[in-house]
$ cat input-v5.cif   # mmCIF, C-alpha atoms, pLDDT in the B column; chains and numbers go by the auth columns
data_run
#
loop_
_atom_site.group_PDB
_atom_site.id
_atom_site.type_symbol
_atom_site.label_atom_id
_atom_site.label_comp_id
_atom_site.label_asym_id
_atom_site.label_seq_id
_atom_site.Cartn_x
_atom_site.Cartn_y
_atom_site.Cartn_z
_atom_site.B_iso_or_equiv
_atom_site.auth_seq_id
_atom_site.auth_asym_id
ATOM 1 C CA MET A 1 0.429 47.634 -23.633 49.00 820 A
ATOM 2 C CA LYS A 2 3.142 45.153 -22.666 49.00 821 A
ATOM 3 C CA SER A 3 3.375 46.562 -19.151 46.00 822 A
ATOM 4 C CA ARG A 4 -0.344 45.856 -18.727 46.00 823 A
ATOM 5 C CA THR A 5 0.058 42.177 -19.514 44.00 824 A
ATOM 6 C CA PHE A 6 2.770 41.937 -16.877 44.00 825 A
ATOM 7 C CA VAL A 7 0.816 43.910 -14.287 44.00 826 A
ATOM 8 C CA ALA A 8 -2.446 41.943 -14.566 45.00 827 A
ATOM 9 C CA PRO A 9 -0.929 38.462 -14.005 44.00 828 A
ATOM 10 C CA LEU A 10 1.293 39.873 -11.271 40.00 829 A
ATOM 11 C CA ALA A 11 -1.705 41.444 -9.530 43.00 830 A
ATOM 12 C CA VAL A 12 -3.674 38.199 -9.810 40.00 831 A
ATOM 13 C CA SER A 13 -0.803 36.153 -8.421 40.00 832 A
ATOM 14 C CA ILE A 14 -0.282 38.586 -5.523 41.00 833 A
ATOM 15 C CA VAL A 15 -3.997 38.425 -4.661 41.00 834 A
ATOM 16 C CA SER A 16 -3.931 34.609 -4.947 42.00 835 A
ATOM 17 C CA LEU A 17 -0.881 34.437 -2.688 39.00 836 A
ATOM 18 C CA ALA A 18 -2.579 36.696 -0.146 42.00 837 A
ATOM 19 C CA VAL A 19 -5.686 34.472 -0.121 40.00 838 A
ATOM 20 C CA VAL A 20 -3.615 31.312 0.296 40.00 839 A
ATOM 21 C CA LEU A 21 -1.527 32.814 3.106 39.00 840 A
ATOM 22 C CA THR A 22 -4.610 34.155 4.889 42.00 841 A
ATOM 23 C CA GLY A 23 -6.243 30.719 4.719 43.00 842 A
ATOM 24 C CA THR A 24 -3.065 29.011 5.877 39.00 843 A
ATOM 25 C CA PHE A 25 -2.662 31.303 8.883 40.00 844 A
ATOM 26 C CA ALA A 26 -6.340 30.985 9.753 42.00 845 A
ATOM 27 C CA LEU A 27 -6.197 27.179 9.652 40.00 846 A
ATOM 28 C CA GLY A 28 -2.851 27.152 11.401 43.00 847 A
ATOM 29 C CA GLY A 29 -4.318 29.206 14.214 42.00 848 A
ATOM 30 C CA CYS A 30 -7.174 26.738 14.587 42.00 849 A
ATOM 31 C CA ALA A 31 -4.819 23.782 14.577 40.00 850 A
ATOM 32 C CA SER A 32 -2.442 25.291 17.103 39.00 851 A
ATOM 33 C CA GLY A 33 -5.337 26.359 19.336 37.00 852 A
ATOM 34 C CA SER A 34 -6.794 22.860 19.370 34.00 853 A
ATOM 35 C CA ALA A 35 -3.362 21.339 19.918 34.00 854 A
ATOM 36 C CA LEU A 36 -3.172 23.169 23.227 34.00 855 A
ATOM 37 C CA LEU A 37 -6.341 21.425 24.378 35.00 856 A
ATOM 38 C CA THR A 38 -5.263 17.893 23.550 36.00 857 A
ATOM 39 C CA SER A 39 -3.287 15.546 25.720 37.00 858 A
ATOM 40 C CA SER A 40 -0.721 12.944 24.812 42.00 859 A
ATOM 41 C CA ALA A 41 -3.060 10.119 25.849 42.00 860 A
ATOM 42 C CA PRO A 42 -5.073 8.521 23.025 47.00 861 A
ATOM 43 C CA SER A 43 -8.596 9.870 23.002 48.00 862 A
ATOM 44 C CA VAL A 44 -11.343 7.340 22.567 48.00 863 A
ATOM 45 C CA THR A 45 -14.735 8.857 21.901 53.00 864 A
ATOM 46 C CA PRO A 46 -17.899 6.938 22.795 53.00 865 A
ATOM 47 C CA GLU A 47 -18.432 6.257 19.088 57.00 866 A
ATOM 48 C CA ALA A 48 -14.862 4.948 18.729 56.00 867 A
ATOM 49 C CA SER A 49 -15.416 2.531 21.621 68.00 868 A
ATOM 50 C CA LEU A 50 -18.233 0.946 19.577 90.00 869 A
ATOM 51 C CA THR A 51 -16.028 0.222 16.558 95.00 870 A
ATOM 52 C CA ILE A 52 -12.856 -1.605 15.672 95.00 871 A
ATOM 53 C CA LEU A 53 -10.582 0.123 13.180 96.00 872 A
ATOM 54 C CA PHE A 54 -9.203 -2.526 10.851 97.00 873 A
ATOM 55 C CA ASP A 55 -6.769 -2.288 7.927 97.00 874 A
ATOM 56 C CA ASN A 56 -6.506 -5.216 5.527 96.00 875 A
ATOM 57 C CA ALA A 57 -3.066 -4.932 3.946 94.00 876 A
ATOM 58 C CA THR A 58 -3.255 -8.282 2.147 93.00 877 A
ATOM 59 C CA GLN A 59 -4.257 -9.207 -1.411 92.00 878 A
ATOM 60 C CA SER A 60 -7.441 -11.062 -0.409 94.00 879 A
ATOM 61 C CA TYR A 61 -10.551 -10.392 1.650 96.00 880 A
ATOM 62 C CA VAL A 62 -10.681 -11.243 5.345 97.00 881 A
ATOM 63 C CA ASP A 63 -13.549 -11.974 7.705 97.00 882 A
ATOM 64 C CA VAL A 64 -13.207 -10.450 11.171 98.00 883 A
ATOM 65 C CA TYR A 65 -14.832 -11.916 14.277 98.00 884 A
ATOM 66 C CA LEU A 66 -15.074 -10.781 17.892 97.00 885 A
ATOM 67 C CA ILE A 67 -14.578 -13.683 20.277 97.00 886 A
ATOM 68 C CA GLY A 68 -16.014 -13.457 23.796 96.00 887 A
ATOM 69 C CA GLN A 69 -15.921 -15.986 26.606 93.00 888 A
ATOM 70 C CA GLN A 70 -19.421 -17.256 25.864 93.00 889 A
ATOM 71 C CA ARG A 71 -20.239 -16.045 22.358 95.00 890 A
ATOM 72 C CA GLN A 72 -18.697 -15.140 18.982 97.00 891 A
ATOM 73 C CA TRP A 73 -19.778 -12.344 16.630 97.00 892 A
ATOM 74 C CA ARG A 74 -18.941 -11.810 12.979 97.00 893 A
ATOM 75 C CA LEU A 75 -18.008 -8.127 12.602 97.00 894 A
ATOM 76 C CA GLY A 76 -17.752 -8.179 8.843 97.00 895 A
ATOM 77 C CA ARG A 77 -15.727 -8.766 5.711 97.00 896 A
ATOM 78 C CA VAL A 78 -12.924 -6.369 4.790 97.00 897 A
ATOM 79 C CA GLU A 79 -11.821 -6.408 1.166 97.00 898 A
ATOM 80 C CA ALA A 80 -8.165 -6.407 0.118 95.00 899 A
ATOM 81 C CA GLY A 81 -6.394 -3.111 0.728 95.00 900 A
ATOM 82 C CA VAL A 82 -9.354 -1.552 2.552 97.00 901 A
ATOM 83 C CA ARG A 83 -9.496 0.290 5.878 97.00 902 A
ATOM 84 C CA ALA A 84 -12.794 -0.243 7.702 97.00 903 A
ATOM 85 C CA ALA A 85 -14.537 0.696 10.933 97.00 904 A
ATOM 86 C CA LEU A 86 -16.295 -2.463 12.097 97.00 905 A
ATOM 87 C CA ARG A 87 -19.226 -1.902 14.423 96.00 906 A
ATOM 88 C CA ILE A 88 -19.422 -3.986 17.590 95.00 907 A
ATOM 89 C CA PRO A 89 -22.900 -5.491 18.141 94.00 908 A
ATOM 90 C CA GLU A 90 -24.800 -4.284 21.207 93.00 909 A
ATOM 91 C CA SER A 91 -24.907 -7.791 22.657 92.00 910 A
ATOM 92 C CA ALA A 92 -21.099 -7.837 22.657 93.00 911 A
ATOM 93 C CA LEU A 93 -20.919 -4.579 24.607 91.00 912 A
ATOM 94 C CA THR A 94 -22.418 -6.177 27.699 89.00 913 A
ATOM 95 C CA ALA A 95 -20.622 -9.507 27.410 88.00 914 A
ATOM 96 C CA PRO A 96 -18.527 -10.298 30.503 89.00 915 A
ATOM 97 C CA GLY A 97 -14.810 -10.961 30.441 92.00 916 A
ATOM 98 C CA PHE A 98 -12.086 -10.418 27.895 95.00 917 A
ATOM 99 C CA VAL A 99 -12.499 -10.454 24.121 96.00 918 A
ATOM 100 C CA ARG A 100 -10.201 -11.023 21.164 96.00 919 A
ATOM 101 C CA LEU A 101 -10.277 -10.746 17.406 96.00 920 A
ATOM 102 C CA ALA A 102 -10.184 -13.670 15.004 97.00 921 A
ATOM 103 C CA VAL A 103 -9.294 -13.115 11.342 97.00 922 A
ATOM 104 C CA LEU A 104 -9.858 -15.602 8.538 96.00 923 A
ATOM 105 C CA ASP A 105 -7.920 -14.815 5.367 94.00 924 A
ATOM 106 C CA GLY A 106 -9.790 -15.667 2.155 92.00 925 A
ATOM 107 C CA ALA A 107 -11.663 -18.503 3.822 92.00 926 A
ATOM 108 C CA PRO A 108 -15.385 -19.315 3.888 93.00 927 A
ATOM 109 C CA LEU A 109 -17.436 -18.063 6.838 94.00 928 A
ATOM 110 C CA SER A 110 -16.897 -19.963 10.054 94.00 929 A
ATOM 111 C CA LEU A 111 -19.467 -20.864 12.713 92.00 930 A
ATOM 112 C CA GLU A 112 -16.736 -21.212 15.356 95.00 931 A
ATOM 113 C CA PRO A 113 -13.793 -19.010 14.399 96.00 932 A
ATOM 114 C CA SER A 114 -12.161 -19.487 17.804 95.00 933 A
ATOM 115 C CA ARG A 115 -11.677 -23.178 16.948 95.00 934 A
ATOM 116 C CA ASP A 116 -10.961 -22.767 13.250 95.00 935 A
ATOM 117 C CA PRO A 117 -7.348 -23.793 12.511 94.00 936 A
ATOM 118 C CA ARG A 118 -7.139 -21.183 9.721 93.00 937 A
ATOM 119 C CA ALA A 119 -8.024 -18.307 12.094 95.00 938 A
ATOM 120 C CA LEU A 120 -5.406 -15.887 13.350 94.00 939 A
ATOM 121 C CA LEU A 121 -6.283 -14.757 16.901 94.00 940 A
ATOM 122 C CA THR A 122 -5.226 -11.766 18.969 94.00 941 A
ATOM 123 C CA LEU A 123 -4.535 -11.960 22.685 94.00 942 A
ATOM 124 C CA ALA A 124 -7.562 -11.708 24.952 95.00 943 A
ATOM 125 C CA GLN A 125 -7.981 -8.245 26.469 95.00 944 A
ATOM 126 C CA PRO A 126 -10.683 -5.918 27.799 94.00 945 A
ATOM 127 C CA ARG A 127 -12.993 -4.569 25.085 92.00 946 A
ATOM 128 C CA SER A 128 -11.908 -0.997 25.851 91.00 947 A
ATOM 129 C CA GLN A 129 -8.284 -1.867 25.050 93.00 948 A
ATOM 130 C CA LEU A 130 -9.270 -3.734 21.895 92.00 949 A
ATOM 131 C CA THR A 131 -11.236 -0.755 20.562 92.00 950 A
ATOM 132 C CA ALA A 132 -8.508 1.730 21.524 94.00 951 A
ATOM 133 C CA GLN A 133 -6.233 0.221 18.863 94.00 952 A
ATOM 134 C CA ARG A 134 -6.098 0.282 15.076 95.00 953 A
ATOM 135 C CA TRP A 135 -5.651 -3.281 13.852 94.00 954 A
ATOM 136 C CA THR A 136 -3.624 -4.110 10.747 95.00 955 A
ATOM 137 C CA PHE A 137 -3.713 -7.498 9.082 94.00 956 A
ATOM 138 C CA SER A 138 -0.806 -8.120 6.744 93.00 957 A
ATOM 139 C CA LYS A 139 1.251 -10.783 5.117 83.00 958 A
ATOM 140 C CA PHE A 140 4.785 -10.694 6.453 70.00 959 A
ATOM 141 C CA GLN A 141 7.884 -12.007 4.737 59.00 960 A
ATOM 142 C CA PHE A 142 7.895 -15.643 3.722 59.00 961 A
ATOM 143 C CA ALA A 143 4.079 -15.822 3.586 59.00 962 A
ATOM 144 C CA SER A 144 3.357 -15.719 7.330 72.00 963 A
ATOM 145 C CA LEU A 145 0.307 -13.710 8.357 77.00 964 A
ATOM 146 C CA GLN A 146 0.156 -11.296 11.258 80.00 965 A
ATOM 147 C CA ILE A 147 -2.320 -9.032 12.990 77.00 966 A
ATOM 148 C CA VAL A 148 -0.932 -6.039 14.873 82.00 967 A
ATOM 149 C CA GLY A 149 -2.642 -3.503 17.104 84.00 968 A
ATOM 150 C CA ALA A 150 -1.398 0.061 17.444 79.00 969 A
ATOM 151 C CA PRO A 151 -2.853 2.985 19.416 81.00 970 A
ATOM 152 C CA ARG A 152 -5.466 5.003 17.515 77.00 971 A
#
$ encode --input "input-v5.cif" --output "structure tokens"
Amino acid sequence: MKSRTFVAPLAVSIVSLAVVLTGTFALGGCASGSALLTSSAPSVTPEASLTILFDNATQSYVDVYLIGQQRQWRLGRVEAGVRAALRIPESALTAPGFVRLAVLDGAPLSLEPSRDPRALLTLAQPRSQLTAQRWTFSKFQFASLQIVGAPR
């Protein structure tokens, strides 16, 4: 009787281990197969070029704006500690020239964020370069704010 109680859990654990290993090898094969098809360059899908990835690493909400040469668009509000994909309006996709982001930390909405003294602005760059980055807004040491772009 005692040998049965040892055999049953052992059999169950061996079967469980076999299932886990089979799943791991199957997924590992998929991952390694797809890794062969990728390149080291960041891939930007058409959908990704229509959004801005934005991380708010501060303790308050922020409002994010897209600033063009002739017009400004509010992309949205990102709550504290949230990662969001902000959609770029269609009218901004055809706007000529360079664009930049403006971020207002815990402030009321602004009609002209490019002229708002509380706004933190990125450097002007082509829209394709702006959307190819993940933007992080954070509070650095000694209470200074920063916005940093990194490849997606």
$ closest_residue --input "input-v5.cif" --among "A:Leu869, A:Val918, A:Val967, A:Ala876" --to "Leu939 in chain A" --atoms "only C-alpha atoms"
A:Val967
$ residues_around --input "input-v5.cif" --residues "range 882-894 of chain A" --least-positions-apart "5" --cutoff "12 Å" --atoms "only C-alpha atoms" --output "ChimeraX atom specification"
/A:869-875,899,903-935,937-946,949-950,954-956,966
$ resolve_selection --input "input-v5.cif" --expression "the PyMOL selection byres ((chain A and resi 878) around 9)" --output "count of residues only"
10
$ atom_distance --input "input-v5.cif" --atom1 "CA of Val897 in chain A" --atom2 "CA of Pro936 in chain A"
19.9 Å
$ axis_aligned_box --input "input-v5.cif" --around "range 874-886 of chain A" --padding-each-side "8 Å" --output "JSON"
{"center_x": -9.1, "center_y": -8.0, "center_z": 9.4, "size_x": 28.0, "size_y": 27.4, "size_z": 37.7}
$ decode --input "input-v5.cif" --residues "range 870-898 of chain A" --atoms "N, CA, C and O atoms" --output "tab-separated table (two decimals), in the first residue's frame"
chain	number	residue	atom	x	y	z
A	870	THR	N	1.54	55.63	-33.33
A	870	THR	CA	1.44	55.81	-31.89
A	870	THR	C	2.77	56.25	-31.29
A	870	THR	O	3.83	56.02	-31.87
A	871	ILE	N	2.67	56.84	-30.13
A	871	ILE	CA	3.84	57.19	-29.33
A	871	ILE	C	3.76	56.38	-28.06
A	871	ILE	O	2.75	56.44	-27.34
A	872	LEU	N	4.79	55.59	-27.79
A	872	LEU	CA	4.84	54.82	-26.54
A	872	LEU	C	5.38	55.74	-25.46
A	872	LEU	O	6.45	56.32	-25.61
A	873	PHE	N	4.63	55.85	-24.36
A	873	PHE	CA	4.96	56.82	-23.33
A	873	PHE	C	4.82	56.20	-21.95
A	873	PHE	O	3.78	55.63	-21.63
A	874	ASP	N	5.88	56.29	-21.15
A	874	ASP	CA	5.87	55.81	-19.77
A	874	ASP	C	5.90	57.02	-18.84
A	874	ASP	O	6.79	57.86	-18.96
A	875	ASN	N	4.96	57.08	-17.92
A	875	ASN	CA	4.96	58.14	-16.92
A	875	ASN	C	5.48	57.55	-15.61
A	875	ASN	O	4.77	56.83	-14.92
A	876	ALA	N	6.72	57.85	-15.30
A	876	ALA	CA	7.36	57.30	-14.10
A	876	ALA	C	7.32	58.28	-12.93
A	876	ALA	O	8.11	58.17	-12.00
A	877	THR	N	6.40	59.23	-12.97
A	877	THR	CA	6.29	60.20	-11.88
A	877	THR	C	5.10	59.84	-11.00
A	877	THR	O	4.38	58.90	-11.26
A	878	GLN	N	4.88	60.65	-9.96
A	878	GLN	CA	3.80	60.42	-9.01
A	878	GLN	C	2.54	61.22	-9.33
A	878	GLN	O	1.60	61.24	-8.54
A	879	SER	N	2.51	61.90	-10.48
A	879	SER	CA	1.32	62.66	-10.86
A	879	SER	C	1.03	62.43	-12.35
A	879	SER	O	1.87	61.95	-13.09
A	880	TYR	N	-0.17	62.81	-12.76
A	880	TYR	CA	-0.54	62.66	-14.16
A	880	TYR	C	0.23	63.65	-15.02
A	880	TYR	O	0.71	64.68	-14.52
A	881	VAL	N	0.34	63.34	-16.31
A	881	VAL	CA	0.94	64.27	-17.26
A	881	VAL	C	0.05	64.35	-18.49
A	881	VAL	O	-0.65	63.39	-18.83
A	882	ASP	N	0.06	65.50	-19.13
A	882	ASP	CA	-0.62	65.68	-20.41
A	882	ASP	C	0.46	65.76	-21.48
A	882	ASP	O	1.45	66.47	-21.33
A	883	VAL	N	0.26	64.99	-22.56
A	883	VAL	CA	1.26	64.90	-23.62
A	883	VAL	C	0.70	65.53	-24.89
A	883	VAL	O	-0.44	65.27	-25.28
A	884	TYR	N	1.51	66.37	-25.51
A	884	TYR	CA	1.13	67.09	-26.72
A	884	TYR	C	2.14	66.80	-27.82
A	884	TYR	O	3.33	66.61	-27.55
A	885	LEU	N	1.67	66.84	-29.06
A	885	LEU	CA	2.54	66.76	-30.23
A	885	LEU	C	2.58	68.16	-30.83
A	885	LEU	O	1.54	68.74	-31.14
A	886	ILE	N	3.77	68.69	-30.99
A	886	ILE	CA	3.94	70.05	-31.46
A	886	ILE	C	4.50	70.01	-32.88
A	886	ILE	O	5.60	69.50	-33.11
A	887	GLY	N	3.75	70.55	-33.83
A	887	GLY	CA	4.21	70.67	-35.21
A	887	GLY	C	4.64	72.10	-35.48
A	887	GLY	O	4.60	72.96	-34.60
A	888	GLN	N	5.03	72.37	-36.72
A	888	GLN	CA	5.45	73.72	-37.07
A	888	GLN	C	4.27	74.69	-37.13
A	888	GLN	O	4.42	75.87	-36.83
A	889	GLN	N	3.10	74.17	-37.51
A	889	GLN	CA	1.94	75.05	-37.67
A	889	GLN	C	0.80	74.74	-36.72
A	889	GLN	O	-0.12	75.54	-36.59
A	890	ARG	N	0.84	73.59	-36.05
A	890	ARG	CA	-0.30	73.19	-35.23
A	890	ARG	C	0.17	72.35	-34.05
A	890	ARG	O	1.26	71.77	-34.07
A	891	GLN	N	-0.67	72.27	-33.00
A	891	GLN	CA	-0.37	71.49	-31.81
A	891	GLN	C	-1.56	70.58	-31.51
A	891	GLN	O	-2.70	70.99	-31.63
A	892	TRP	N	-1.25	69.32	-31.12
A	892	TRP	CA	-2.29	68.34	-30.84
A	892	TRP	C	-2.10	67.79	-29.44
A	892	TRP	O	-0.98	67.46	-29.04
A	893	ARG	N	-3.19	67.66	-28.71
A	893	ARG	CA	-3.13	67.00	-27.40
A	893	ARG	C	-3.30	65.51	-27.66
A	893	ARG	O	-4.30	65.07	-28.21
A	894	LEU	N	-2.29	64.71	-27.26
A	894	LEU	CA	-2.34	63.26	-27.47
A	894	LEU	C	-3.08	62.55	-26.36
A	894	LEU	O	-3.68	61.51	-26.58
A	895	GLY	N	-3.03	63.11	-25.15
A	895	GLY	CA	-3.77	62.50	-24.07
A	895	GLY	C	-3.12	62.71	-22.72
A	895	GLY	O	-2.04	63.28	-22.60
A	896	ARG	N	-3.82	62.22	-21.70
A	896	ARG	CA	-3.35	62.28	-20.32
A	896	ARG	C	-2.88	60.88	-19.93
A	896	ARG	O	-3.56	59.90	-20.19
A	897	VAL	N	-1.71	60.83	-19.29
A	897	VAL	CA	-1.16	59.56	-18.82
A	897	VAL	C	-1.06	59.64	-17.30
A	897	VAL	O	-0.38	60.53	-16.77
A	898	GLU	N	-1.76	58.76	-16.63
A	898	GLU	CA	-1.77	58.76	-15.17
A	898	GLU	C	-0.42	58.33	-14.61
A	898	GLU	O	0.41	57.75	-15.31
